[in-house]
Amino acid sequence: MAATGLPHPVLVDVARRAVESADPEQVEASAAESADRLARSLLQPVINATGVLLHTNLGRAPLSVGIDAGYANLELDLTSGRRGDRSSHAASLLALASGAEAALVVNNGAAAVLLVLAALAAGRDVLVSRGEAVEIGGGFRIPEVMAQSGARLVDVGTTNRTRAGDYRAAVSADTALLLKVHRSNFTVNGFTESADPAELVGLGPPVVVDLGSGLLDRRTPWLAGGPPAWLRDEPAVRQTLEAGAAVVTFSGDKLLGGPQAGIIAGRADLVERCRRHPLARALRPGSLVLHALQQVALAYLDRHAGEQLPLWRMATTDVEELRRRARGLDAGRLIDCQSVVGGGALPGITIASAGVELDGDRSPALRAGRPPVIATVRDGRTICDLRTVLPEQDHLLADALKR
Ligand SMILES: *Cc1c(COP(=O)(O)O)cnc(C)c1O
């Protein structure tokens, strides 16, 4: 039990529970097993060999932050010495990086949508296409968020087709916003139509777009090779604002490649109303997140995000390079496979990848290793996709596979 490294009081508690519940002969084994299970329930680094770049169970985007111990000028203006504002660092850099007048950071994408609706539309109408009143993973449902915000949802159009004219017919003096929601996690095919934000801009009320994934710029100036083909249809923050959206909302830990956060970006007067709303305080992140997000924003502004953010490094690694690394593992059979973006983004899109496979379901044994390796099992074979494995973890993966 001591080998788990758990603190003494935790081990005493585990032992007491084992004495109370286990067969006397089994107490020791039962306590050891419970201690082991508890140690494995704690947060720890894992090797993501699933090929899912934004794996919801693994915290979506891979994190790489270095934050020194100690205080930070979270709300202190170092120039004037007066009280500062926690939107002045990460948020203002993200605004700059995306071409927005202003930005505000909250806890996650859901909080960003909730705050925008509460601050800009409480007690009034928000028009949403029937095809966009959606549920995004983990119970984020547009009608429910709308109800919590105090805004009234007004459905327009139909499930498969909604035109600008449908919004125009529904606009009234009570309309506070037109809300577009990116269908992040599903596709609609066949007889379909939807209105672009640009078509709605002239109708009067501000257009808010919940983008979800947080691709900052379709031209990906931070990638030496330009935008990869698989990003083709993904809407981006900069272009959505350029098309006339007043406000966009997106997550920090999807295609932005940062920590869990929600970003509200757009017109300064509207972002300011969000910042002043009482909910903003309840939804604000702490300095750990703001620090990490500031590093992410700086990487984009430096145009080094392609090399500095692990998400973009992994997403754009050449498949030949992955094959070379797979050979270097010297374990399992070499295979070509398909990675996905995941995290409820870009459904149906795959990225050519490479890795190794083993016969049978080896996933429990791989998960039991240190560090745990998370692999995929398909058709009775265990697949390790190297796209989502950091190159510096290759030797750990090789060891785990050989064991
Ligand atoms: C992911 C997503 C959300 C929720 O964001 P979280 O950061 O998970 O809270 C909301 N809207 C859209 C369109 C999304 O893709």
# chains A, B, ... in the order shown; residues from 1 in each chain; ligands from 1

call {"tool": "closest_atom_pairs", "arguments": {"of": "chain A", "to": "ligand 1", "cutoff": "9 Å", "atoms": "only C-alpha atoms and all ligand atoms", "output": "JSON lines"}}
result
{"residue": "A:Thr56", "atom": "CA", "partner": "ligand 1", "partner_atom_place_in_ligand_line": "8 (O)", "distance": 9.0}
{"residue": "A:Asn107", "atom": "CA", "partner": "ligand 1", "partner_atom_place_in_ligand_line": "7 (O)", "distance": 7.8}
{"residue": "A:Asn108", "atom": "CA", "partner": "ligand 1", "partner_atom_place_in_ligand_line": "7 (O)", "distance": 4.0}
{"residue": "A:Gly109", "atom": "CA", "partner": "ligand 1", "partner_atom_place_in_ligand_line": "5 (O)", "distance": 3.4}
{"residue": "A:Ala110", "atom": "CA", "partner": "ligand 1", "partner_atom_place_in_ligand_line": "9 (O)", "distance": 3.7}
{"residue": "A:Ala111", "atom": "CA", "partner": "ligand 1", "partner_atom_place_in_ligand_line": "9 (O)", "distance": 6.4}
{"residue": "A:Ala112", "atom": "CA", "partner": "ligand 1", "partner_atom_place_in_ligand_line": "9 (O)", "distance": 7.8}
{"residue": "A:Val113", "atom": "CA", "partner": "ligand 1", "partner_atom_place_in_ligand_line": "10 (C)", "distance": 7.1}
{"residue": "A:Val134", "atom": "CA", "partner": "ligand 1", "partner_atom_place_in_ligand_line": "13 (C)", "distance": 8.5}
{"residue": "A:Glu135", "atom": "CA", "partner": "ligand 1", "partner_atom_place_in_ligand_line": "11 (N)", "distance": 8.4}
{"residue": "A:Ile136", "atom": "CA", "partner": "ligand 1", "partner_atom_place_in_ligand_line": "2 (C)", "distance": 5.8}
{"residue": "A:Gly137", "atom": "CA", "partner": "ligand 1", "partner_atom_place_in_ligand_line": "1 (C)", "distance": 7.2}
{"residue": "A:Gly138", "atom": "CA", "partner": "ligand 1", "partner_atom_place_in_ligand_line": "8 (O)", "distance": 7.6}
{"residue": "A:Phe140", "atom": "CA", "partner": "ligand 1", "partner_atom_place_in_ligand_line": "4 (C)", "distance": 6.4}
{"residue": "A:Arg141", "atom": "CA", "partner": "ligand 1", "partner_atom_place_in_ligand_line": "10 (C)", "distance": 8.5}
{"residue": "A:Ile142", "atom": "CA", "partner": "ligand 1", "partner_atom_place_in_ligand_line": "11 (N)", "distance": 8.4}
{"residue": "A:Lys180", "atom": "CA", "partner": "ligand 1", "partner_atom_place_in_ligand_line": "13 (C)", "distance": 8.9}
{"residue": "A:Val181", "atom": "CA", "partner": "ligand 1", "partner_atom_place_in_ligand_line": "13 (C)", "distance": 5.4}
{"residue": "A:His182", "atom": "CA", "partner": "ligand 1", "partner_atom_place_in_ligand_line": "13 (C)", "distance": 4.6}
{"residue": "A:Arg183", "atom": "CA", "partner": "ligand 1", "partner_atom_place_in_ligand_line": "13 (C)", "distance": 6.0}
{"residue": "A:Ser184", "atom": "CA", "partner": "ligand 1", "partner_atom_place_in_ligand_line": "15 (O)", "distance": 4.6}
{"residue": "A:Asn185", "atom": "CA", "partner": "ligand 1", "partner_atom_place_in_ligand_line": "15 (O)", "distance": 6.9}
{"residue": "A:Val209", "atom": "CA", "partner": "ligand 1", "partner_atom_place_in_ligand_line": "13 (C)", "distance": 8.6}
{"residue": "A:Asp210", "atom": "CA", "partner": "ligand 1", "partner_atom_place_in_ligand_line": "13 (C)", "distance": 5.2}
{"residue": "A:Leu211", "atom": "CA", "partner": "ligand 1", "partner_atom_place_in_ligand_line": "13 (C)", "distance": 5.0}
{"residue": "A:Gly212", "atom": "CA", "partner": "ligand 1", "partner_atom_place_in_ligand_line": "15 (O)", "distance": 3.3}
{"residue": "A:Ser213", "atom": "CA", "partner": "ligand 1", "partner_atom_place_in_ligand_line": "15 (O)", "distance": 5.3}
{"residue": "A:Gly214", "atom": "CA", "partner": "ligand 1", "partner_atom_place_in_ligand_line": "15 (O)", "distance": 8.5}
{"residue": "A:Thr249", "atom": "CA", "partner": "ligand 1", "partner_atom_place_in_ligand_line": "11 (N)", "distance": 7.8}
{"residue": "A:Phe250", "atom": "CA", "partner": "ligand 1", "partner_atom_place_in_ligand_line": "5 (O)", "distance": 6.7}
{"residue": "A:Ser251", "atom": "CA", "partner": "ligand 1", "partner_atom_place_in_ligand_line": "7 (O)", "distance": 4.4}
{"residue": "A:Gly252", "atom": "CA", "partner": "ligand 1", "partner_atom_place_in_ligand_line": "7 (O)", "distance": 6.8}
{"residue": "A:Asp253", "atom": "CA", "partner": "ligand 1", "partner_atom_place_in_ligand_line": "7 (O)", "distance": 6.9}
{"residue": "A:Lys254", "atom": "CA", "partner": "ligand 1", "partner_atom_place_in_ligand_line": "1 (C)", "distance": 7.4}
{"residue": "A:Gln260", "atom": "CA", "partner": "ligand 1", "partner_atom_place_in_ligand_line": "7 (O)", "distance": 6.5}
{"residue": "A:Ala261", "atom": "CA", "partner": "ligand 1", "partner_atom_place_in_ligand_line": "7 (O)", "distance": 6.3}
{"residue": "A:Gly262", "atom": "CA", "partner": "ligand 1", "partner_atom_place_in_ligand_line": "7 (O)", "distance": 5.8}
{"residue": "A:Gly343", "atom": "CA", "partner": "ligand 1", "partner_atom_place_in_ligand_line": "1 (C)", "distance": 7.2}
{"residue": "A:Gly344", "atom": "CA", "partner": "ligand 1", "partner_atom_place_in_ligand_line": "15 (O)", "distance": 6.2}
{"residue": "A:Ala345", "atom": "CA", "partner": "ligand 1", "partner_atom_place_in_ligand_line": "15 (O)", "distance": 6.4}

call {"tool": "residues_around", "arguments": {"residues": "range 233-248 of chain A", "least_positions_apart": "3", "cutoff": "8 Å", "atoms": "only C-alpha atoms", "output": "PyMOL selection string"}}
result
chain A and resi 98-100+197-198+201+206-211+214-218+230+264-267+270-271+346

call {"tool": "residues_around", "arguments": {"residues": "Arg276 in chain A", "least_positions_apart": "5", "cutoff": "12 Å", "atoms": "only C-alpha atoms", "output": "ChimeraX atom specification"}}
result
/A:85,87,104,115-116,118-120,269-271,281-284

call {"tool": "write_last_selection", "arguments": {"atoms": "all heavy atoms", "output": "short mmCIF file (atom, residue, chain, number, x, y, z; two decimals), in the first residue's frame"}}
result
data_model
loop_
_atom_site.label_atom_id
_atom_site.label_comp_id
_atom_site.auth_asym_id
_atom_site.auth_seq_id
_atom_site.Cartn_x
_atom_site.Cartn_y
_atom_site.Cartn_z
N ASP A 85 -7.28 44.95 -14.22
CA ASP A 85 -8.43 44.18 -14.65
C ASP A 85 -7.93 42.84 -15.18
O ASP A 85 -6.96 42.80 -15.94
CB ASP A 85 -9.11 44.99 -15.77
CG ASP A 85 -10.26 44.25 -16.40
OD1 ASP A 85 -10.49 43.07 -16.05
OD2 ASP A 85 -10.92 44.85 -17.25
N SER A 87 -9.08 41.12 -17.39
CA SER A 87 -9.21 40.90 -18.85
C SER A 87 -8.10 41.58 -19.61
O SER A 87 -8.10 41.59 -20.84
CB SER A 87 -10.52 41.44 -19.43
OG SER A 87 -11.49 41.58 -18.49
N LEU A 104 -13.39 38.66 -23.48
CA LEU A 104 -13.56 38.35 -22.05
C LEU A 104 -13.39 36.84 -21.91
O LEU A 104 -13.86 36.09 -22.77
CB LEU A 104 -14.97 38.78 -21.62
CG LEU A 104 -15.39 38.50 -20.18
CD1 LEU A 104 -14.59 39.41 -19.23
CD2 LEU A 104 -16.88 38.79 -20.00
N LEU A 115 -23.44 33.63 -20.39
CA LEU A 115 -23.21 35.03 -20.00
C LEU A 115 -23.65 35.99 -21.10
O LEU A 115 -24.27 37.03 -20.83
CB LEU A 115 -21.73 35.23 -19.65
CG LEU A 115 -21.34 36.63 -19.20
CD1 LEU A 115 -22.17 37.08 -17.99
CD2 LEU A 115 -19.84 36.68 -18.84
N VAL A 116 -23.35 35.65 -22.35
CA VAL A 116 -23.77 36.52 -23.46
C VAL A 116 -25.29 36.66 -23.48
O VAL A 116 -25.83 37.77 -23.60
CB VAL A 116 -23.26 35.96 -24.81
CG1 VAL A 116 -23.96 36.62 -25.99
CG2 VAL A 116 -21.75 36.16 -24.92
N ALA A 118 -27.44 36.11 -20.99
CA ALA A 118 -27.94 36.79 -19.79
C ALA A 118 -27.68 38.29 -19.87
O ALA A 118 -28.54 39.11 -19.53
CB ALA A 118 -27.30 36.20 -18.54
N ALA A 119 -26.48 38.66 -20.33
CA ALA A 119 -26.11 40.08 -20.32
C ALA A 119 -26.76 40.85 -21.46
O ALA A 119 -27.04 42.04 -21.32
CB ALA A 119 -24.58 40.21 -20.40
N LEU A 120 -26.99 40.20 -22.59
CA LEU A 120 -27.44 40.95 -23.76
C LEU A 120 -28.90 40.68 -24.13
O LEU A 120 -29.45 41.37 -25.00
CB LEU A 120 -26.55 40.63 -24.99
CG LEU A 120 -25.04 40.80 -24.81
CD1 LEU A 120 -24.31 40.49 -26.11
CD2 LEU A 120 -24.69 42.20 -24.32
N ASP A 269 -18.53 47.36 -26.84
CA ASP A 269 -19.64 47.73 -25.95
C ASP A 269 -20.38 46.49 -25.46
O ASP A 269 -20.80 46.41 -24.31
CB ASP A 269 -20.60 48.70 -26.67
CG ASP A 269 -21.18 48.11 -27.97
OD1 ASP A 269 -20.46 47.35 -28.65
OD2 ASP A 269 -22.35 48.39 -28.27
N LEU A 270 -20.51 45.48 -26.31
CA LEU A 270 -21.24 44.27 -25.91
C LEU A 270 -20.40 43.41 -24.95
O LEU A 270 -20.91 42.87 -23.98
CB LEU A 270 -21.65 43.47 -27.16
CG LEU A 270 -22.52 44.23 -28.16
CD1 LEU A 270 -22.87 43.34 -29.36
CD2 LEU A 270 -23.81 44.73 -27.49
N VAL A 271 -19.10 43.32 -25.24
CA VAL A 271 -18.21 42.55 -24.36
C VAL A 271 -18.19 43.23 -22.97
O VAL A 271 -18.22 42.56 -21.93
CB VAL A 271 -16.78 42.46 -24.94
CG1 VAL A 271 -15.81 41.84 -23.93
CG2 VAL A 271 -16.80 41.63 -26.22
N ARG A 281 -18.66 37.45 -12.61
CA ARG A 281 -17.80 37.15 -11.46
C ARG A 281 -17.87 35.65 -11.12
O ARG A 281 -16.87 35.02 -10.79
CB ARG A 281 -18.25 38.00 -10.28
CG ARG A 281 -17.74 37.50 -8.99
CD ARG A 281 -17.01 38.52 -8.22
NE ARG A 281 -16.23 37.88 -7.19
CZ ARG A 281 -15.26 38.47 -6.56
NH1 ARG A 281 -14.96 39.70 -6.86
NH2 ARG A 281 -14.59 37.83 -5.65
N ALA A 282 -19.08 35.10 -11.19
CA ALA A 282 -19.25 33.68 -10.85
C ALA A 282 -18.61 32.78 -11.90
O ALA A 282 -18.26 31.64 -11.62
CB ALA A 282 -20.75 33.36 -10.73
N LEU A 283 -18.45 33.30 -13.11
CA LEU A 283 -17.96 32.46 -14.21
C LEU A 283 -16.50 32.72 -14.54
O LEU A 283 -15.96 32.13 -15.47
CB LEU A 283 -18.82 32.71 -15.46
CG LEU A 283 -20.32 32.44 -15.30
CD1 LEU A 283 -21.07 32.81 -16.58
CD2 LEU A 283 -20.57 30.98 -14.96
N ARG A 284 -15.85 33.60 -13.79
CA ARG A 284 -14.49 33.99 -14.19
C ARG A 284 -13.46 32.92 -13.80
O ARG A 284 -13.58 32.28 -12.76
CB ARG A 284 -14.11 35.33 -13.56
CG ARG A 284 -13.84 35.22 -12.08
CD ARG A 284 -13.59 36.57 -11.47
NE ARG A 284 -13.06 36.40 -10.11
CZ ARG A 284 -12.78 37.40 -9.30
NH1 ARG A 284 -12.96 38.63 -9.67
NH2 ARG A 284 -12.30 37.16 -8.10
#

call {"tool": "residues_around", "arguments": {"residues": "Gly157 in chain A", "least_positions_apart": "6", "cutoff": "8 Å", "atoms": "only C-alpha atoms", "output": "MDAnalysis selection string"}}
result
chainID A and resid 129:131 163 166:167

call {"tool": "write_last_selection", "arguments": {"atoms": "N, CA and C atoms", "output": "short mmCIF file (atom, residue, chain, number, x, y, z; two decimals), in the first residue's frame"}}
result
data_model
loop_
_atom_site.label_atom_id
_atom_site.label_comp_id
_atom_site.auth_asym_id
_atom_site.auth_seq_id
_atom_site.Cartn_x
_atom_site.Cartn_y
_atom_site.Cartn_z
N SER A 129 -32.29 29.18 -35.27
CA SER A 129 -32.81 28.25 -36.27
C SER A 129 -33.20 26.93 -35.61
N ARG A 130 -34.30 26.32 -36.08
CA ARG A 130 -34.71 25.02 -35.53
C ARG A 130 -33.62 23.96 -35.75
N GLY A 131 -32.77 24.20 -36.75
CA GLY A 131 -31.70 23.23 -37.01
C GLY A 131 -30.48 23.47 -36.12
N ARG A 163 -33.66 30.02 -43.78
CA ARG A 163 -33.10 31.07 -44.64
C ARG A 163 -33.09 32.40 -43.90
N ASP A 166 -36.42 33.75 -42.96
CA ASP A 166 -37.10 33.23 -41.77
C ASP A 166 -36.76 34.10 -40.55
N TYR A 167 -35.49 34.52 -40.48
CA TYR A 167 -35.10 35.40 -39.37
C TYR A 167 -35.79 36.76 -39.55
#

call {"tool": "closest_residue", "arguments": {"among": "A:Leu94, A:Leu301, A:Ala103, A:Ala35", "to": "Glu272 in chain A", "atoms": "only C-alpha atoms"}}
result
A:Ala103
